[in-house]
file target.cif (mmCIF, C-alpha atoms (C1' of nucleotides))
data_coords
#
loop_
_atom_site.label_atom_id
_atom_site.label_comp_id
_atom_site.auth_asym_id
_atom_site.auth_seq_id
_atom_site.Cartn_x
_atom_site.Cartn_y
_atom_site.Cartn_z
CA MET A 952 103.47 -72.98 -45.40
CA GLN A 953 100.15 -73.11 -43.62
CA ILE A 954 97.11 -71.00 -44.48
CA ALA A 955 94.14 -70.98 -42.10
CA SER A 956 90.70 -69.46 -41.64
CA TRP A 957 88.68 -68.79 -38.49
CA ASN A 958 85.40 -67.03 -37.84
CA VAL A 959 86.20 -65.69 -34.35
CA ASN A 960 82.72 -64.18 -33.65
CA SER A 961 84.09 -60.96 -32.09
CA LEU A 962 87.85 -60.44 -32.06
CA ASN A 963 87.44 -58.35 -28.92
CA VAL A 964 86.10 -61.36 -27.02
CA ARG A 965 88.23 -63.99 -28.78
CA LEU A 966 91.71 -62.39 -28.83
CA PRO A 967 92.92 -64.69 -26.00
CA HIS A 968 91.72 -67.74 -27.95
CA LEU A 969 93.26 -66.46 -31.16
CA SER A 970 96.58 -65.85 -29.38
CA GLU A 971 96.59 -69.34 -27.86
CA TRP A 972 95.71 -71.02 -31.15
CA LEU A 973 98.27 -69.00 -33.19
CA GLY A 974 100.94 -70.23 -30.77
CA GLN A 975 99.85 -73.84 -31.23
CA ARG A 976 99.20 -73.94 -34.97
CA GLN A 977 101.78 -71.33 -36.04
CA PRO A 978 100.13 -70.63 -39.40
CA ASP A 979 101.86 -68.37 -41.91
CA ILE A 980 98.67 -66.66 -43.08
CA VAL A 981 95.28 -66.52 -41.32
CA GLY A 982 92.00 -65.05 -42.51
CA ILE A 983 89.63 -64.13 -39.71
CA GLN A 984 85.97 -63.17 -39.99
CA GLU A 985 83.38 -61.44 -37.81
CA THR A 986 85.93 -59.24 -36.08
CA LYS A 987 83.05 -56.83 -35.24
CA LEU A 988 85.58 -54.04 -34.74
CA GLU A 989 86.06 -50.66 -36.34
CA ASP A 990 89.55 -50.31 -37.80
CA ASP A 991 90.79 -47.92 -35.11
CA ARG A 992 90.05 -50.60 -32.49
CA PHE A 993 91.83 -53.47 -34.27
CA PRO A 994 94.44 -55.08 -31.92
CA GLU A 995 97.32 -54.55 -34.33
CA ASP A 996 100.01 -54.19 -31.64
CA ALA A 997 98.95 -57.28 -29.66
CA LEU A 998 99.15 -59.38 -32.84
CA LEU A 999 102.52 -57.87 -33.79
CA GLU A 1000 103.86 -59.03 -30.42
CA LEU A 1001 102.84 -62.55 -31.45
CA GLY A 1002 104.72 -62.15 -34.74
CA TYR A 1003 101.78 -61.36 -37.02
CA ARG A 1004 101.21 -58.32 -39.19
CA SER A 1005 97.61 -57.42 -39.98
CA VAL A 1006 95.52 -55.88 -42.70
CA PHE A 1007 91.85 -55.43 -41.92
CA SER A 1008 88.51 -54.01 -42.98
CA GLY A 1009 86.02 -53.74 -40.15
CA GLN A 1010 82.91 -52.07 -38.84
CA LYS A 1011 81.07 -51.79 -35.55
CA THR A 1012 78.90 -54.70 -34.32
CA TYR A 1013 78.74 -56.81 -37.50
CA ASN A 1014 81.00 -58.41 -40.11
CA GLY A 1015 84.67 -57.38 -40.35
CA VAL A 1016 87.54 -59.36 -41.92
CA ALA A 1017 91.33 -59.39 -41.53
CA LEU A 1018 94.42 -61.17 -42.81
CA LEU A 1019 97.24 -61.94 -40.37
CA SER A 1020 100.63 -63.01 -41.66
CA ARG A 1021 104.30 -63.41 -40.85
CA LEU A 1022 105.23 -61.81 -44.18
CA SER A 1023 103.96 -58.35 -45.04
CA ALA A 1024 100.87 -58.06 -47.21
CA GLN A 1025 101.09 -56.52 -50.68
CA ASP A 1026 98.44 -55.25 -53.12
CA VAL A 1027 95.72 -55.23 -50.47
CA GLN A 1028 92.16 -55.13 -51.77
CA THR A 1029 89.22 -54.50 -49.44
CA GLY A 1030 85.66 -55.16 -50.55
CA VAL A 1031 84.43 -56.93 -53.66
CA PRO A 1032 85.30 -54.95 -56.80
CA GLY A 1033 82.24 -53.57 -58.56
CA LEU A 1034 79.95 -54.23 -55.59
CA ASP A 1035 78.70 -51.18 -53.72
CA ASP A 1036 78.43 -52.79 -50.30
CA PRO A 1037 78.83 -51.16 -46.88
CA GLN A 1038 79.23 -54.58 -45.23
CA ARG A 1039 82.88 -55.42 -44.60
CA ARG A 1040 83.08 -59.00 -45.85
CA ALA A 1041 86.12 -59.31 -48.12
CA ILE A 1042 89.84 -58.63 -48.08
CA ALA A 1043 92.67 -59.90 -50.29
CA ALA A 1044 96.43 -59.58 -50.28
CA SER A 1045 99.57 -61.03 -51.90
CA TYR A 1046 102.49 -62.57 -50.02
CA VAL A 1047 105.94 -62.99 -51.55
CA ASP A 1048 108.29 -65.52 -49.91
CA ALA A 1049 112.10 -65.43 -49.71
CA SER A 1050 112.42 -67.20 -53.06
CA GLY A 1051 110.24 -64.59 -54.75
CA THR A 1052 107.16 -66.79 -55.10
CA SER A 1053 103.91 -64.86 -54.77
CA THR A 1054 100.69 -66.30 -53.31
CA ARG A 1055 97.41 -64.43 -53.49
CA VAL A 1056 94.91 -64.91 -50.63
CA ILE A 1057 91.25 -63.85 -50.65
CA ASN A 1058 89.47 -63.93 -47.28
CA LEU A 1059 85.64 -63.95 -47.36
CA TYR A 1060 82.84 -63.69 -44.85
CA VAL A 1061 80.02 -64.89 -47.08
CA VAL A 1062 76.54 -63.53 -46.38
CA ASN A 1063 74.46 -65.80 -44.12
CA GLY A 1064 71.16 -65.26 -45.94
CA LYS A 1065 68.83 -65.87 -42.95
CA ALA A 1066 66.34 -68.12 -44.80
CA VAL A 1067 65.67 -69.30 -48.35
CA GLY A 1068 63.53 -66.65 -50.03
CA ASP A 1069 64.41 -63.88 -47.57
CA GLU A 1070 65.72 -60.64 -49.07
CA LYS A 1071 69.03 -61.44 -47.35
CA TYR A 1072 69.09 -64.71 -49.28
CA ASP A 1073 68.80 -62.77 -52.55
CA TYR A 1074 71.62 -60.51 -51.37
CA LYS A 1075 73.68 -63.65 -50.63
CA LEU A 1076 73.25 -64.99 -54.17
CA ARG A 1077 73.97 -61.58 -55.75
CA TRP A 1078 77.03 -61.19 -53.52
CA LEU A 1079 78.30 -64.63 -54.53
CA GLU A 1080 77.89 -63.76 -58.22
CA ALA A 1081 80.04 -60.65 -57.77
CA VAL A 1082 82.61 -62.68 -55.81
CA GLN A 1083 82.71 -65.30 -58.57
CA ALA A 1084 83.55 -62.60 -61.15
CA TRP A 1085 86.19 -61.19 -58.82
CA ILE A 1086 87.81 -64.60 -58.26
CA ALA A 1087 87.86 -65.26 -62.02
CA ASP A 1088 89.74 -62.00 -62.49
CA GLU A 1089 92.13 -62.71 -59.61
CA LEU A 1090 92.84 -66.21 -60.96
CA SER A 1091 93.73 -64.81 -64.36
CA ARG A 1092 96.38 -62.62 -62.73
CA HIS A 1093 97.43 -64.87 -59.82
CA PRO A 1094 97.62 -68.60 -60.63
CA ARG A 1095 98.74 -69.33 -57.05
CA LEU A 1096 95.42 -68.37 -55.42
CA VAL A 1097 93.90 -69.44 -52.09
CA VAL A 1098 90.33 -68.45 -51.21
CA ILE A 1099 89.49 -68.89 -47.55
CA GLY A 1100 86.70 -67.99 -45.22
CA ASP A 1101 83.32 -68.61 -43.68
CA PHE A 1102 81.37 -69.58 -46.80
CA ASN A 1103 78.06 -70.11 -45.01
CA ILE A 1104 77.43 -73.00 -47.44
CA ALA A 1105 77.83 -76.70 -46.68
CA PRO A 1106 79.29 -78.02 -49.97
CA ASP A 1107 77.46 -81.37 -49.90
CA ASP A 1108 75.54 -83.70 -47.62
CA ARG A 1109 78.72 -85.15 -46.10
CA ASP A 1110 79.17 -81.72 -44.55
CA VAL A 1111 75.83 -81.79 -42.72
CA HIS A 1112 75.02 -83.70 -39.51
CA ASP A 1113 71.43 -84.35 -40.59
CA PRO A 1114 71.10 -83.90 -44.37
CA ALA A 1115 67.39 -84.75 -44.36
CA ALA A 1116 66.59 -82.08 -41.79
CA TRP A 1117 68.70 -79.48 -43.64
CA ALA A 1118 67.60 -80.39 -47.18
CA GLY A 1119 66.78 -77.20 -49.08
CA GLU A 1120 67.37 -75.05 -46.00
CA ILE A 1121 69.64 -72.04 -45.70
CA LEU A 1122 73.35 -73.04 -45.96
CA CYS A 1123 72.37 -76.20 -47.87
CA SER A 1124 69.97 -75.07 -50.62
CA GLU A 1125 70.72 -75.94 -54.24
CA PRO A 1126 71.12 -72.32 -55.43
CA GLU A 1127 73.74 -71.77 -52.72
CA ARG A 1128 75.53 -75.02 -53.56
CA ASP A 1129 75.34 -74.14 -57.28
CA ALA A 1130 76.97 -70.78 -56.52
CA LEU A 1131 79.79 -72.49 -54.63
CA ARG A 1132 80.17 -75.05 -57.43
CA SER A 1133 80.44 -72.26 -60.00
CA ILE A 1134 83.27 -70.75 -57.97
CA LEU A 1135 85.03 -74.13 -57.71
CA ASP A 1136 84.55 -74.62 -61.46
CA LEU A 1137 86.76 -71.58 -62.08
CA GLY A 1138 89.65 -73.87 -61.07
CA LEU A 1139 89.60 -74.17 -57.29
CA HIS A 1140 89.57 -77.21 -55.01
CA ASP A 1141 88.25 -77.74 -51.48
CA SER A 1142 91.56 -78.58 -49.73
CA PHE A 1143 89.82 -80.65 -47.05
CA ARG A 1144 88.36 -82.94 -49.72
CA LEU A 1145 91.78 -83.45 -51.32
CA HIS A 1146 92.70 -85.40 -48.18
CA CYS A 1147 89.49 -86.69 -46.63
CA ALA A 1148 86.36 -88.05 -48.35
CA GLU A 1149 84.32 -89.07 -45.32
CA GLY A 1150 81.44 -87.14 -43.84
CA GLY A 1151 80.95 -86.01 -40.28
CA HIS A 1152 83.76 -83.43 -40.10
CA PHE A 1153 82.36 -80.04 -39.13
CA SER A 1154 83.63 -76.50 -38.54
CA TRP A 1155 80.54 -74.94 -36.94
CA TRP A 1156 78.13 -76.05 -34.21
CA ASP A 1157 75.14 -74.10 -32.94
CA TYR A 1158 75.59 -72.60 -29.49
CA ARG A 1159 72.03 -73.69 -28.73
CA ALA A 1160 70.73 -77.15 -27.94
CA ALA A 1161 74.20 -78.43 -26.95
CA GLY A 1162 75.13 -78.57 -30.63
CA PHE A 1163 78.82 -79.24 -30.08
CA ARG A 1164 78.40 -81.89 -27.40
CA ARG A 1165 75.95 -83.73 -29.69
CA ASN A 1166 78.11 -83.03 -32.78
CA LEU A 1167 75.21 -81.36 -34.59
CA GLY A 1168 77.48 -79.46 -36.94
CA LEU A 1169 78.11 -78.24 -40.45
CA ARG A 1170 81.32 -77.81 -42.45
CA ILE A 1171 81.00 -74.29 -43.83
CA ASP A 1172 84.52 -72.90 -43.33
CA LEU A 1173 86.75 -73.68 -46.28
CA VAL A 1174 90.24 -73.33 -47.71
CA LEU A 1175 90.03 -73.42 -51.52
CA VAL A 1176 93.21 -73.82 -53.55
CA SER A 1177 93.87 -73.16 -57.22
CA ASP A 1178 95.00 -75.75 -59.75
CA ALA A 1179 98.57 -74.46 -59.45
CA LEU A 1180 98.62 -75.11 -55.69
CA ARG A 1181 96.67 -78.35 -55.63
CA GLY A 1182 99.70 -80.59 -55.98
CA ALA A 1183 101.54 -78.73 -53.24
CA CYS A 1184 98.70 -79.12 -50.70
CA ARG A 1185 100.15 -81.75 -48.35
CA ALA A 1186 97.49 -81.75 -45.65
CA ALA A 1187 94.29 -80.06 -44.57
CA GLY A 1188 92.36 -80.13 -41.34
CA ILE A 1189 89.98 -78.73 -38.78
CA ASP A 1190 91.13 -77.76 -35.28
CA ARG A 1191 88.30 -78.82 -32.98
CA GLU A 1192 90.10 -78.01 -29.76
CA PRO A 1193 89.34 -74.27 -29.55
CA ARG A 1194 85.62 -75.16 -29.65
CA THR A 1195 86.14 -76.95 -26.28
CA TRP A 1196 87.64 -73.89 -24.60
CA GLU A 1197 85.66 -71.69 -22.26
CA ARG A 1198 83.46 -69.12 -24.06
CA PRO A 1199 84.35 -70.35 -27.56
CA SER A 1200 83.52 -69.06 -31.01
CA ASP A 1201 80.82 -71.19 -32.63
CA HIS A 1202 83.31 -71.84 -35.49
CA THR A 1203 86.66 -73.64 -35.34
CA PRO A 1204 89.82 -72.88 -37.30
CA VAL A 1205 90.40 -74.74 -40.58
CA TRP A 1206 93.76 -74.95 -42.35
CA ALA A 1207 95.77 -76.30 -45.26
CA GLU A 1208 99.48 -77.01 -45.44
CA PHE A 1209 101.62 -76.57 -48.54
CA GLY A 1210 105.03 -77.94 -49.50
CA SER A 1211 107.54 -76.06 -51.59
"C1'" DA B 1320 58.63 -76.22 -29.82
"C1'" DT B 1321 60.51 -70.35 -35.24
"C1'" DG B 1322 62.82 -72.21 -29.02
"C1'" DG B 1323 67.67 -72.97 -27.48
"C1'" DC B 1324 72.92 -69.43 -26.98
"C1'" DG B 1325 76.15 -65.74 -27.74
"C1'" DT B 1326 77.60 -60.92 -29.07
"C1'" DA B 1327 76.79 -55.92 -29.50
"C1'" DC B 1328 74.50 -51.72 -28.47
"C1'" DA B 1329 71.82 -49.80 -25.61
"C1'" DC B 1330 68.08 -50.32 -22.67
"C1'" DC B 1331 66.40 -53.06 -19.19
"C1'" DG B 1332 64.87 -55.18 -25.14
"C1'" DT B 1333 66.26 -55.83 -30.16
"C1'" DA B 1334 69.06 -57.34 -34.21
"C1'" DC B 1335 71.65 -60.85 -35.97
"C1'" DG B 1336 73.91 -65.11 -36.56
"C1'" DA B 1337 73.82 -70.30 -39.19
#
call {"tool": "encode", "arguments": {"input": "target.cif", "output": "structure tokens"}}
result
Amino acid sequence: MQIASWNVNSLNVRLPHLSEWLGQRQPDIVGIQETKLEDDRFPEDALLELGYRSVFSGQKTYNGVALLSRLSAQDVQTGVPGLDDPQRRAIAASYVDASGTSTRVINLYVVNGKAVGDEKYDYKLRWLEAVQAWIADELSRHPRLVVIGDFNIAPDDRDVHDPAAWAGEILCSEPERDALRSILDLGLHDSFRLHCAEGGHFSWWDYRAAGFRRNLGLRIDLVLVSDALRGACRAAGIDREPRTWERPSDHTPVWAEFGS
DNA sequence: ATGGCGTACACCGTACGA
């Protein structure tokens, strides 16, 4: 089983890329972020033709998340419980395989935060606190939990092309990293780091200043797995190829593979 | 160099992203 995450930066623009990549990678479950589509415009039929069912929570222009899967989604939750938030940034669902094993997946589009000290930064930290409480609750009910998404936090300096330049900046500041660490401390593991310890592997590059060509990137898109799934995680990776395609998203897909 | 590029909505510019 493969579970993946991709910030597509407009599903309307990126549907051809998503279709191409789904055919190549053939993931079982995919969380996508920044769909930027109201629900009545979600391309449900086009994805069904590719073999994927969808659940989604979107809005015009900004944000928007969805889960695509070969199996049907159960117990779908949209939004962060207890958080009164018009921004569509969270969706969760359960998937039960042929043997009756259930896996819970939470897909997040974490707040960017704009700049340390900005009011959006405060919203980011408050949002992460609510998400942490939600994940704790989900973990207590679903030991097989995977939390995926655009976290908008580089976990440590290995995940930053120029740690000195980014030190203390948005996406790298200590309060953000502390918030991510608190979530991991609930009993989750960064699947990429279960298989690769070296730095220099990124999932996002700025459109500006030839960021991709110069590999000026960050690793901010993550697949987190619970203790119960850690031993089953056979591989994890980042698909750089879609970033080379014409008119790409600024993020690439990330994925983790699980054995039975 | 508070730029640069891309998307959306709408207006011929502004908001936002990371």
call {"tool": "resolve_selection", "arguments": {"input": "target.cif", "expression": "the PyMOL selection byres ((chain A and resi 1135) around 12)", "output": "number ranges by chain"}}
result
A: 1082-1083, 1086-1087, 1090, 1097-1098, 1106, 1128-1134, 1136-1142, 1173-1178
call {"tool": "resolve_selection", "arguments": {"input": "target.cif", "expression": "the PyMOL selection byres ((chain A) within 8 of (chain B))", "output": "compact mmCIF listing (two decimals) with C-alpha atoms, in the coordinates of the input"}}
result
# COMPACT_ATOMS: atom_id res chain seq x y z
CA ASN A 960 82.72 -64.18 -33.65
CA SER A 961 84.09 -60.96 -32.09
CA THR A 1012 78.90 -54.70 -34.32
CA ASN A 1063 74.46 -65.80 -44.12
CA LYS A 1065 68.83 -65.87 -42.95
CA ASN A 1103 78.06 -70.11 -45.01
CA ILE A 1121 69.64 -72.04 -45.70
CA LEU A 1122 73.35 -73.04 -45.96
CA ASP A 1157 75.14 -74.10 -32.94
CA TYR A 1158 75.59 -72.60 -29.49
CA ARG A 1159 72.03 -73.69 -28.73
CA ALA A 1160 70.73 -77.15 -27.94
call {"tool": "resolve_selection", "arguments": {"input": "target.cif", "expression": "the PyMOL selection byres ((chain A and resi 1146) around 9)", "output": "list in words"}}
result
Ser1142, Phe1143, Arg1144, Leu1145, Cys1147, Ala1148, Arg1185, Ala1186, Ala1187 and Gly1188 of chain A
call {"tool": "atom_distance", "arguments": {"input": "target.cif", "atom1": "atom CA of Asp1172 of chain A", "atom2": "atom CA of Trp1155 of chain A"}}
result
7.8 Å
call {"tool": "atom_distance", "arguments": {"input": "target.cif", "atom1": "atom CA of Pro1032 of chain A", "atom2": "atom CA of Gln1010 of chain A"}}
result
18.3 Å
call {"tool": "closest_residue", "arguments": {"input": "target.cif", "among": "A:Gly1015, A:Val1031, A:Ser970, A:Ser1091", "to": "Gly1002 of chain A", "atoms": "all atoms listed in the file"}}
result
A:Ser970
call {"tool": "residues_around", "arguments": {"input": "target.cif", "residues": "Val1016 of chain A", "least_positions_apart": "6", "cutoff": "8 Å", "atoms": "only C-alpha atoms (C1' of nucleotides)", "output": "PDB file with C-alpha atoms, in the frame of the given file"}}
result
ATOM      1  CA  GLY A 982      92.000 -65.050 -42.510  1.00  0.00           C
ATOM      2  CA  ILE A 983      89.630 -64.130 -39.710  1.00  0.00           C
ATOM      3  CA  GLN A 984      85.970 -63.170 -39.990  1.00  0.00           C
ATOM      4  CA  GLU A 985      83.380 -61.440 -37.810  1.00  0.00           C
ATOM      5  CA  THR A 986      85.930 -59.240 -36.080  1.00  0.00           C
ATOM      6  CA  PHE A1007      91.850 -55.430 -41.920  1.00  0.00           C
ATOM      7  CA  SER A1008      88.510 -54.010 -42.980  1.00  0.00           C
ATOM      8  CA  GLY A1009      86.020 -53.740 -40.150  1.00  0.00           C
ATOM      9  CA  ARG A1039      82.880 -55.420 -44.600  1.00  0.00           C
ATOM     10  CA  ARG A1040      83.080 -59.000 -45.850  1.00  0.00           C
ATOM     11  CA  ALA A1041      86.120 -59.310 -48.120  1.00  0.00           C
ATOM     12  CA  ILE A1042      89.840 -58.630 -48.080  1.00  0.00           C
ATOM     13  CA  ASN A1058      89.470 -63.930 -47.280  1.00  0.00           C
ATOM     14  CA  LEU A1059      85.640 -63.950 -47.360  1.00  0.00           C
ATOM     15  CA  TYR A1060      82.840 -63.690 -44.850  1.00  0.00           C
TER      16      TYR A1060
END
call {"tool": "residues_near_point", "arguments": {"input": "target.cif", "point": "(76.7, -77.9, -39.7)", "cutoff": "6 Å", "atoms": "all atoms listed in the file", "output": "list of chain:residue names"}}
result
A:Val1111, A:Trp1155, A:Trp1156, A:Gly1168, A:Leu1169, A:Arg1170
call {"tool": "atom_distance", "arguments": {"input": "target.cif", "atom1": "atom CA of Asp1048 of chain A", "atom2": "atom CA of Ile980 of chain A"}}
result
11.9 Å
call {"tool": "axis_aligned_box", "arguments": {"input": "target.cif", "around": "segment 1145-1156 of chain A", "padding_each_side": "5 Å", "output": "lines of an AutoDock Vina configuration file"}}
result
center_x = 85.4
center_y = -82.0
center_z = -42.8
size_x = 24.6
size_y = 24.1
size_z = 27.1
call {"tool": "closest_residue", "arguments": {"input": "target.cif", "among": "A:Leu1034, A:Leu962, A:Val1205, A:Ala1049", "to": "Asp990 of chain A", "atoms": "all atoms listed in the file"}}
result
A:Leu962
call {"tool": "decode", "arguments": {"input": "target.cif", "residues": "chain B", "atoms": "C-alpha atoms (C1' of nucleotides)", "output": "short mmCIF file (atom, residue, chain, number, x, y, z; two decimals), in the first residue's frame"}}
result
data_model
loop_
_atom_site.label_atom_id
_atom_site.label_comp_id
_atom_site.auth_asym_id
_atom_site.auth_seq_id
_atom_site.Cartn_x
_atom_site.Cartn_y
_atom_site.Cartn_z
"C1'" DA B 1320 17.60 44.03 -3.97
"C1'" DT B 1321 11.03 42.82 0.80
"C1'" DG B 1322 12.61 41.58 -5.80
"C1'" DG B 1323 12.02 37.23 -8.49
"C1'" DC B 1324 7.13 33.60 -10.28
"C1'" DG B 1325 2.60 31.57 -10.36
"C1'" DT B 1326 -2.52 31.41 -9.45
"C1'" DA B 1327 -7.07 33.58 -8.84
"C1'" DC B 1328 -10.31 37.22 -9.29
"C1'" DA B 1329 -11.12 40.95 -11.40
"C1'" DC B 1330 -9.28 44.93 -13.32
"C1'" DC B 1331 -5.90 46.47 -16.27
"C1'" DG B 1332 -3.90 45.82 -10.12
"C1'" DT B 1333 -4.09 43.16 -5.60
"C1'" DA B 1334 -3.81 39.17 -2.36
"C1'" DC B 1335 -1.37 35.29 -1.28
"C1'" DG B 1336 1.96 31.75 -1.26
"C1'" DA B 1337 6.73 29.63 1.33
#
